[in-house]
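Peer 1: Please find one structure pasted underneath; my questions will follow.
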Amino acid sequence: MSKPTTYVDVHQRNNKREVLVSFRDVQVSFKHGIYERVIIKHLNLDIYKGEILGLVGESGSGKTTIGRALIRIIPISGGKITYGPEKEVISGKIKKDRARNLKTKIQMIFQDPSASLNDRSNVDYIISEGLRAFHLYKDEEERKEKVAKMIKRVGLSVEHLKRYPHEFSGGQRQRIGIARCMIMDPELIIADEPISALDVSIRAQVLNLIKEFREERGLTVLFIAHDLSVVKYISDRIAVIYQGQLVELCPADRLFEVPLHPYTKSLLSAIPLPDPRIEKKKVVITYDPSKHHYENDPADFYEVEPHHYVRCNLEELESYKNTLEKLKGGAHHE
C-alpha cells in the first residue's frame, strides 16, 4: 500500500492559488518554571490570498493563540510562519523594518469592541492611530479626508468623529474598530470572534461589512469563531481545531455536507435549530477522544478527498474513504 497523501505533501507541490500565509510545524507553548504547557501542536496550515478562512473550535482549543502568533503578539516555540509569495519568515526574531512593515499589512479586529477602544480618545483619534504611527498621509487635510471617508464606509457619519466610544452601542463600536483596522489598507485581517459580544440583530451587518471589504479590496481574512453556523455563512474554507491540533479542513459547504471527524460532528450537532419541536428531539453528540487508538497507529493530517483533510490514522483513513465512496455510490444511484 502506498503512503497516503498528507496536507504538507500536497502543499509542497506547485499550487495554482497563491498562498499568503503558511504555518509549518508551528508549536506554541508557555513555560512556568520547569513546567511547559503546549497550546498549539505541530500546526501545518496555508491561508490563500483573497480567501476567508474560518477557524472554529471550543473555548480553549487554541484559535485565538493562532491568530496572535500570526500577528506576533505571542512568540512561537517551534516551526515557522511565512508570509507572501517569497515565503519570507515572519516568526521569531526578524528585522525591525520588516516587523514594522508587517504591522501595516496584517491587522486585527478584536472580540470585545469596548475593551479594544480607548475611552479617553475620540473616534477621530482612534481611527487615525495607525495613520499617525506610520505617517500614512501627506498633510492634515489628507488625514481628515481619509478618516471621513472610512467612517462613512463603515456606516457611521462624520459627526461621530468628535464623540467617545462610551457614547456608542456595541455594534457601532465594532464598526469603529473595523474602520481603525481598514484605514491601514491591510492585506490580511485577523477577525477574532468579532461578533460574539454583539446583539444577534446586528451580527449580520458586521459580517456583511467584512465580506464587502473582502470583495472590494481582495482582502484575506482569518475568521476565528466558535459558532459553526456563522463561520459557514462567511467562510470559503473551514478549519476545525481541537486542543491545539487541526482535526479537519475543507471547503465550508463540504464540511456541512460530509463531516468526517467525530469532533466536527459534535460541533455540528450543537448548532441550535430554529424549530423548537425538532430542537427538543435533537441528540447532541459528545466527542470522546479515547475512542481513537493512536498508540500503535499514529494519526496524521491526511487528504481523504481533494481539498478535504482529516486528522486520523491509517485505519480511520480507510473508514472515511469507504464512507465517501458509499455516498458517491448513493448519489449515482439516485
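In the C-alpha cells, the first chain shown is A, the next is B, and so on; residue numbers restart at 1 for each chain, and ligands run from 1 in the order shown.
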Got a sec: who's within 12 Å of A:Ala115, counting only C-alpha atoms, leaving out chain neighbours fewer than 6 positions off, as a list of chain:residue names?

Peer 2: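 Neighbouring residues, sequence-local ones excluded: A:Ile109, A:Pro165, A:His166, A:Gly170, A:Arg173, A:Gln174, A:Gly177, A:Ala197.
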
Peer 1: Write out as a short mmCIF file (atom, residue, chain, number, x, y, z; two decimals) with C-alpha atoms, in the first residue's frame all residues of stretch 166-249 of chain A that backbone DSSP assigns to helix (DSSP H, G or I).

Peer 2:
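As written to disk, selection16.cif reads:
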data_model
loop_
_atom_site.label_atom_id
_atom_site.label_comp_id
_atom_site.auth_asym_id
_atom_site.auth_seq_id
_atom_site.Cartn_x
_atom_site.Cartn_y
_atom_site.Cartn_z
CA HIS A 166 -18.82 55.03 25.52
CA GLU A 167 -21.41 57.06 23.56
CA GLY A 170 -21.64 47.62 20.78
CA GLY A 171 -22.27 47.31 17.05
CA GLN A 172 -21.20 50.90 16.42
CA ARG A 173 -18.03 50.39 18.49
CA GLN A 174 -17.17 47.33 16.43
CA ARG A 175 -17.65 49.39 13.25
CA ILE A 176 -15.16 51.91 14.68
CA GLY A 177 -12.74 49.05 15.32
CA ILE A 178 -13.16 47.85 11.73
CA ALA A 179 -12.59 51.42 10.45
CA ARG A 180 -9.38 51.71 12.52
CA CYS A 181 -8.24 48.42 11.02
CA MET A 182 -9.22 49.03 7.37
CA VAL A 200 -27.98 38.97 17.33
CA SER A 201 -29.81 41.69 15.37
CA ILE A 202 -26.61 43.44 14.27
CA ARG A 203 -24.28 40.47 13.81
CA ALA A 204 -25.24 40.03 10.14
CA GLN A 205 -24.47 43.71 9.47
CA VAL A 206 -20.90 43.35 10.77
CA LEU A 207 -20.39 40.07 8.89
CA ASN A 208 -21.62 41.66 5.66
CA LEU A 209 -19.28 44.62 6.19
CA ILE A 210 -16.29 42.25 6.44
CA LYS A 211 -17.43 40.39 3.29
CA GLU A 212 -17.84 43.68 1.40
CA PHE A 213 -14.29 44.79 2.28
CA ARG A 214 -13.00 41.39 1.09
CA GLU A 215 -14.75 41.83 -2.27
CA GLU A 216 -13.67 45.46 -2.72
CA ARG A 217 -10.01 45.09 -1.75
CA LEU A 228 -20.13 26.99 13.06
CA SER A 229 -23.32 28.43 11.55
CA VAL A 230 -21.74 31.91 11.46
CA VAL A 231 -18.50 30.55 10.02
CA LYS A 232 -20.37 28.72 7.26
CA TYR A 233 -22.04 31.98 6.19
CA ILE A 234 -18.82 33.96 5.81
#

Peer 1: I need the residue nearest A:Leu131 from this list: A:Met108, A:Ile151, A:Val56, A:Met184. Use only C-alpha atoms for the distance.

Peer 2: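 Of all the options, A:Met184 lies closest to A:Leu131.
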
Peer 1: Taking into account only C-alpha atoms, which residue in the set A:Lys146, A:Lys87, A:Arg311, A:Arg72 is nearest to A:Ala99?

Peer 2: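 Of the candidates, the smallest distance to A:Ala99 is held by A:Arg72.
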
Peer 1: List the spatial neighbours of A:Arg68 as a count of residues only - criterion: any atom at most 9 Å away, only C-alpha atoms, same-chain residues fewer than 6 positions off excluded.

Peer 2: 4

Peer 1: Please provide as a list in words all residues within 7 Å of A:Leu20, with the sequence filter that same-chain residues fewer than 2 positions apart are discarded (counting only C-alpha atoms).

Peer 2: Glu18, Ser22, Ile47, Tyr48, Lys49, Tyr83, Gly84 and Pro85 of chain A

Peer 1: Please identify the strand (DSSP E) residues within stretch 201-237 of chain A (assignment by DSSP from backbone atoms) and present them as a PDB file with C-alpha atoms, in the first residue's frame.

Peer 2:
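Once written, states-v5.pdb looks like this:
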ATOM      1  CA  THR A 220      -7.615  37.905   3.050  1.00  0.00           C
ATOM      2  CA  VAL A 221      -9.398  37.099   6.319  1.00  0.00           C
ATOM      3  CA  LEU A 222      -8.689  34.622   9.115  1.00  0.00           C
ATOM      4  CA  PHE A 223     -12.105  34.485  10.794  1.00  0.00           C
ATOM      5  CA  ILE A 224     -11.970  32.968  14.296  1.00  0.00           C
ATOM      6  CA  ALA A 225     -15.214  31.830  15.919  1.00  0.00           C
ATOM      7  CA  ARG A 237     -12.912  27.099   3.832  1.00  0.00           C
TER       8      ARG A 237
END

Peer 1: Using only C-alpha atoms, which of A:Thr286, A:Phe301, A:Leu55, A:Ile183 sits nearest A:Met150?

Peer 2: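 Nearest candidate to A:Met150 out of A:Thr286, A:Phe301, A:Leu55, A:Ile183: A:Ile183.
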
Peer 1: Rank nothing, just name the residue among A:Pro306, A:Gly244, A:Pro276, A:Pro4 nearest to A:Val26, using only C-alpha atoms.

Peer 2: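 Among A:Pro306, A:Gly244, A:Pro276, A:Pro4, it is A:Gly244 that comes nearest to A:Val26.
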
Peer 1: With only C-alpha atoms as the atoms that count, which of A:Lys326, A:His42, A:Arg100, A:His293 lies nearest to A:Ile81?

Peer 2: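 Smallest separation from A:Ile81 among the options: A:His42.
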
Peer 1: Could you tell me which of A:His160, A:Lys321, A:Lys144, A:His226 comes closest to A:Ile271 if we count only C-alpha atoms?

Peer 2: A:His226

Peer 1: Mind giving me the straight-line distance from atom CA of A:Ala270 to atom CA of A:Thr65 in Å, one decimal?

Peer 2: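 Between atom CA of A:Ala270 and atom CA of A:Thr65 the gap works out to 23.5 Å.
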
Peer 1: Neighbouring residues of A:Leu317 were defined as those with any atom within 12 Å, considering only C-alpha atoms; residues of the same chain fewer than 5 positions away were excluded. Please report them as number ranges by chain.

Peer 2: A: 3-6, 260-261, 297-305, 308-312, 322-324

Peer 1: With a distance cut-off of 10 Å and only C-alpha atoms, select the neighbouring residues of stretch 282-285 of chain A, excluding the residue or stretch itself and same-chain residues fewer than 4 positions from it, and output the selection as a list in words.

Peer 2: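 Answer for this query is Pro262, Tyr263, Thr264, Lys265, Ser266, Leu267, Leu268, Ser269, Ala270, Ile271, Pro272, Leu273, Pro276, Arg277 and Ile278 of chain A.
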
Peer 1: Include all heavy atoms and write out the residues we just selected as an mmCIF file, in the first residue's frame.

Peer 2:
data_model
loop_
_atom_site.group_PDB
_atom_site.id
_atom_site.type_symbol
_atom_site.label_atom_id
_atom_site.label_comp_id
_atom_site.auth_asym_id
_atom_site.auth_seq_id
_atom_site.Cartn_x
_atom_site.Cartn_y
_atom_site.Cartn_z
ATOM 1 N N PRO A 262 -15.060 12.864 14.263
ATOM 2 C CA PRO A 262 -16.088 12.852 15.321
ATOM 3 C C PRO A 262 -16.233 14.191 16.055
ATOM 4 O O PRO A 262 -17.339 14.554 16.458
ATOM 5 C CB PRO A 262 -15.591 11.764 16.284
ATOM 6 C CG PRO A 262 -14.706 10.901 15.471
ATOM 7 C CD PRO A 262 -14.089 11.777 14.434
ATOM 8 N N TYR A 263 -15.137 14.933 16.198
ATOM 9 C CA TYR A 263 -15.228 16.228 16.886
ATOM 10 C C TYR A 263 -16.013 17.238 16.047
ATOM 11 O O TYR A 263 -16.816 18.003 16.584
ATOM 12 C CB TYR A 263 -13.825 16.763 17.188
ATOM 13 C CG TYR A 263 -13.840 18.109 17.889
ATOM 14 C CD1 TYR A 263 -14.357 18.225 19.165
ATOM 15 C CD2 TYR A 263 -13.352 19.249 17.254
ATOM 16 C CE1 TYR A 263 -14.392 19.460 19.816
ATOM 17 C CE2 TYR A 263 -13.385 20.477 17.888
ATOM 18 C CZ TYR A 263 -13.902 20.579 19.169
ATOM 19 O OH TYR A 263 -13.944 21.800 19.800
ATOM 20 N N THR A 264 -15.803 17.217 14.734
ATOM 21 C CA THR A 264 -16.573 18.089 13.839
ATOM 22 C C THR A 264 -18.064 17.757 13.943
ATOM 23 O O THR A 264 -18.913 18.655 14.007
ATOM 24 C CB THR A 264 -16.111 17.925 12.381
ATOM 25 O OG1 THR A 264 -14.703 18.119 12.300
ATOM 26 C CG2 THR A 264 -16.801 18.927 11.473
ATOM 27 N N LYS A 265 -18.377 16.473 13.971
ATOM 28 C CA LYS A 265 -19.776 16.048 14.095
ATOM 29 C C LYS A 265 -20.390 16.547 15.398
ATOM 30 O O LYS A 265 -21.558 16.954 15.437
ATOM 31 C CB LYS A 265 -19.874 14.529 14.015
ATOM 32 C CG LYS A 265 -19.548 13.956 12.643
ATOM 33 C CD LYS A 265 -19.628 12.444 12.645
ATOM 34 C CE LYS A 265 -19.286 11.865 11.275
ATOM 35 N NZ LYS A 265 -19.325 10.389 11.279
ATOM 36 N N SER A 266 -19.600 16.537 16.471
ATOM 37 C CA SER A 266 -20.121 17.006 17.762
ATOM 38 C C SER A 266 -20.394 18.508 17.733
ATOM 39 O O SER A 266 -21.392 18.975 18.294
ATOM 40 C CB SER A 266 -19.152 16.656 18.892
ATOM 41 O OG SER A 266 -18.004 17.480 18.863
ATOM 42 N N LEU A 267 -19.518 19.274 17.067
ATOM 43 C CA LEU A 267 -19.739 20.718 16.944
ATOM 44 C C LEU A 267 -20.993 21.013 16.128
ATOM 45 O O LEU A 267 -21.793 21.883 16.480
ATOM 46 C CB LEU A 267 -18.530 21.391 16.288
ATOM 47 C CG LEU A 267 -17.248 21.538 17.099
ATOM 48 C CD1 LEU A 267 -16.179 22.248 16.271
ATOM 49 C CD2 LEU A 267 -17.480 22.301 18.391
ATOM 50 N N LEU A 268 -21.170 20.281 15.022
ATOM 51 C CA LEU A 268 -22.334 20.485 14.170
ATOM 52 C C LEU A 268 -23.625 20.125 14.902
ATOM 53 O O LEU A 268 -24.659 20.778 14.725
ATOM 54 C CB LEU A 268 -22.209 19.658 12.890
ATOM 55 C CG LEU A 268 -21.172 20.146 11.882
ATOM 56 C CD1 LEU A 268 -20.943 19.101 10.796
ATOM 57 C CD2 LEU A 268 -21.614 21.450 11.247
ATOM 58 N N SER A 269 -23.575 19.086 15.725
ATOM 59 C CA SER A 269 -24.778 18.661 16.441
ATOM 60 C C SER A 269 -25.207 19.676 17.499
ATOM 61 O O SER A 269 -26.360 19.659 17.949
ATOM 62 C CB SER A 269 -24.549 17.294 17.104
ATOM 63 O OG SER A 269 -23.704 17.417 18.243
ATOM 64 N N ALA A 270 -24.287 20.553 17.900
ATOM 65 C CA ALA A 270 -24.593 21.544 18.935
ATOM 66 C C ALA A 270 -25.204 22.827 18.372
ATOM 67 O O ALA A 270 -25.613 23.709 19.136
ATOM 68 C CB ALA A 270 -23.323 21.878 19.719
ATOM 69 N N ILE A 271 -25.272 22.959 17.030
ATOM 70 C CA ILE A 271 -25.857 24.163 16.426
ATOM 71 C C ILE A 271 -27.360 24.197 16.723
ATOM 72 O O ILE A 271 -28.077 23.246 16.426
ATOM 73 C CB ILE A 271 -25.627 24.182 14.896
ATOM 74 C CG1 ILE A 271 -24.131 24.258 14.587
ATOM 75 C CG2 ILE A 271 -26.352 25.362 14.250
ATOM 76 C CD1 ILE A 271 -23.804 24.143 13.098
ATOM 77 N N PRO A 272 -27.857 25.284 17.319
ATOM 78 C CA PRO A 272 -29.298 25.367 17.623
ATOM 79 C C PRO A 272 -30.140 25.356 16.350
ATOM 80 O O PRO A 272 -29.759 25.934 15.339
ATOM 81 C CB PRO A 272 -29.428 26.722 18.348
ATOM 82 C CG PRO A 272 -28.047 27.084 18.765
ATOM 83 C CD PRO A 272 -27.130 26.467 17.770
ATOM 84 N N LEU A 273 -31.288 24.693 16.407
ATOM 85 C CA LEU A 273 -32.202 24.624 15.266
ATOM 86 C C LEU A 273 -33.374 25.576 15.481
ATOM 87 O O LEU A 273 -33.854 25.738 16.606
ATOM 88 C CB LEU A 273 -32.723 23.192 15.084
ATOM 89 C CG LEU A 273 -31.641 22.129 14.827
ATOM 90 C CD1 LEU A 273 -32.240 20.733 14.862
ATOM 91 C CD2 LEU A 273 -30.950 22.383 13.494
ATOM 92 N N PRO A 276 -38.432 24.678 17.407
ATOM 93 C CA PRO A 276 -38.288 24.158 18.782
ATOM 94 C C PRO A 276 -38.688 22.700 18.919
ATOM 95 O O PRO A 276 -38.158 21.983 19.770
ATOM 96 C CB PRO A 276 -39.216 25.066 19.600
ATOM 97 C CG PRO A 276 -40.134 25.695 18.614
ATOM 98 C CD PRO A 276 -39.372 25.788 17.334
ATOM 99 N N ARG A 277 -39.600 22.223 18.067
ATOM 100 C CA ARG A 277 -40.016 20.819 18.147
ATOM 101 C C ARG A 277 -38.880 19.890 17.709
ATOM 102 O O ARG A 277 -38.641 18.845 18.329
ATOM 103 C CB ARG A 277 -41.253 20.600 17.278
ATOM 104 C CG ARG A 277 -42.518 21.256 17.831
ATOM 105 C CD ARG A 277 -43.645 21.210 16.828
ATOM 106 N NE ARG A 277 -43.317 21.981 15.620
ATOM 107 C CZ ARG A 277 -44.140 22.132 14.590
ATOM 108 N NH1 ARG A 277 -45.328 21.549 14.594
ATOM 109 N NH2 ARG A 277 -43.779 22.854 13.535
ATOM 110 N N ILE A 278 -38.184 20.289 16.637
ATOM 111 C CA ILE A 278 -37.039 19.485 16.168
ATOM 112 C C ILE A 278 -35.880 19.620 17.149
ATOM 113 O O ILE A 278 -35.190 18.647 17.458
ATOM 114 C CB ILE A 278 -36.609 19.923 14.749
ATOM 115 C CG1 ILE A 278 -37.769 19.751 13.769
ATOM 116 C CG2 ILE A 278 -35.393 19.121 14.282
ATOM 117 C CD1 ILE A 278 -37.487 20.292 12.382
#

Peer 1: To one decimal place, how far is atom CA of A:Asp25 from atom CA of A:Gly92 in Å?

Peer 2: 13.8 Å

Peer 1: Mind checking which residues fall within 12 Å of stretch 133-136 of chain A, counting only C-alpha atoms, ignoring those fewer than 4 positions away in the same chain, and posting them as a list in words?

Peer 2: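 Neighbouring residues, sequence-local ones excluded: Asp97, Arg100, Asn101, Leu102, Lys103, Thr104, Lys105, Tyr125, Ile126, Ile127, Ser128, Glu129, Glu140, Glu142, Arg143, Lys144, Lys146, Val147, Ile183, Met184 and Asp185 of chain A.
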
Peer 1: Quick one: distance from atom CA of A:Arg17 to atom CA of A:Lys63 in Å, one decimal?

Peer 2: 24.2 Å
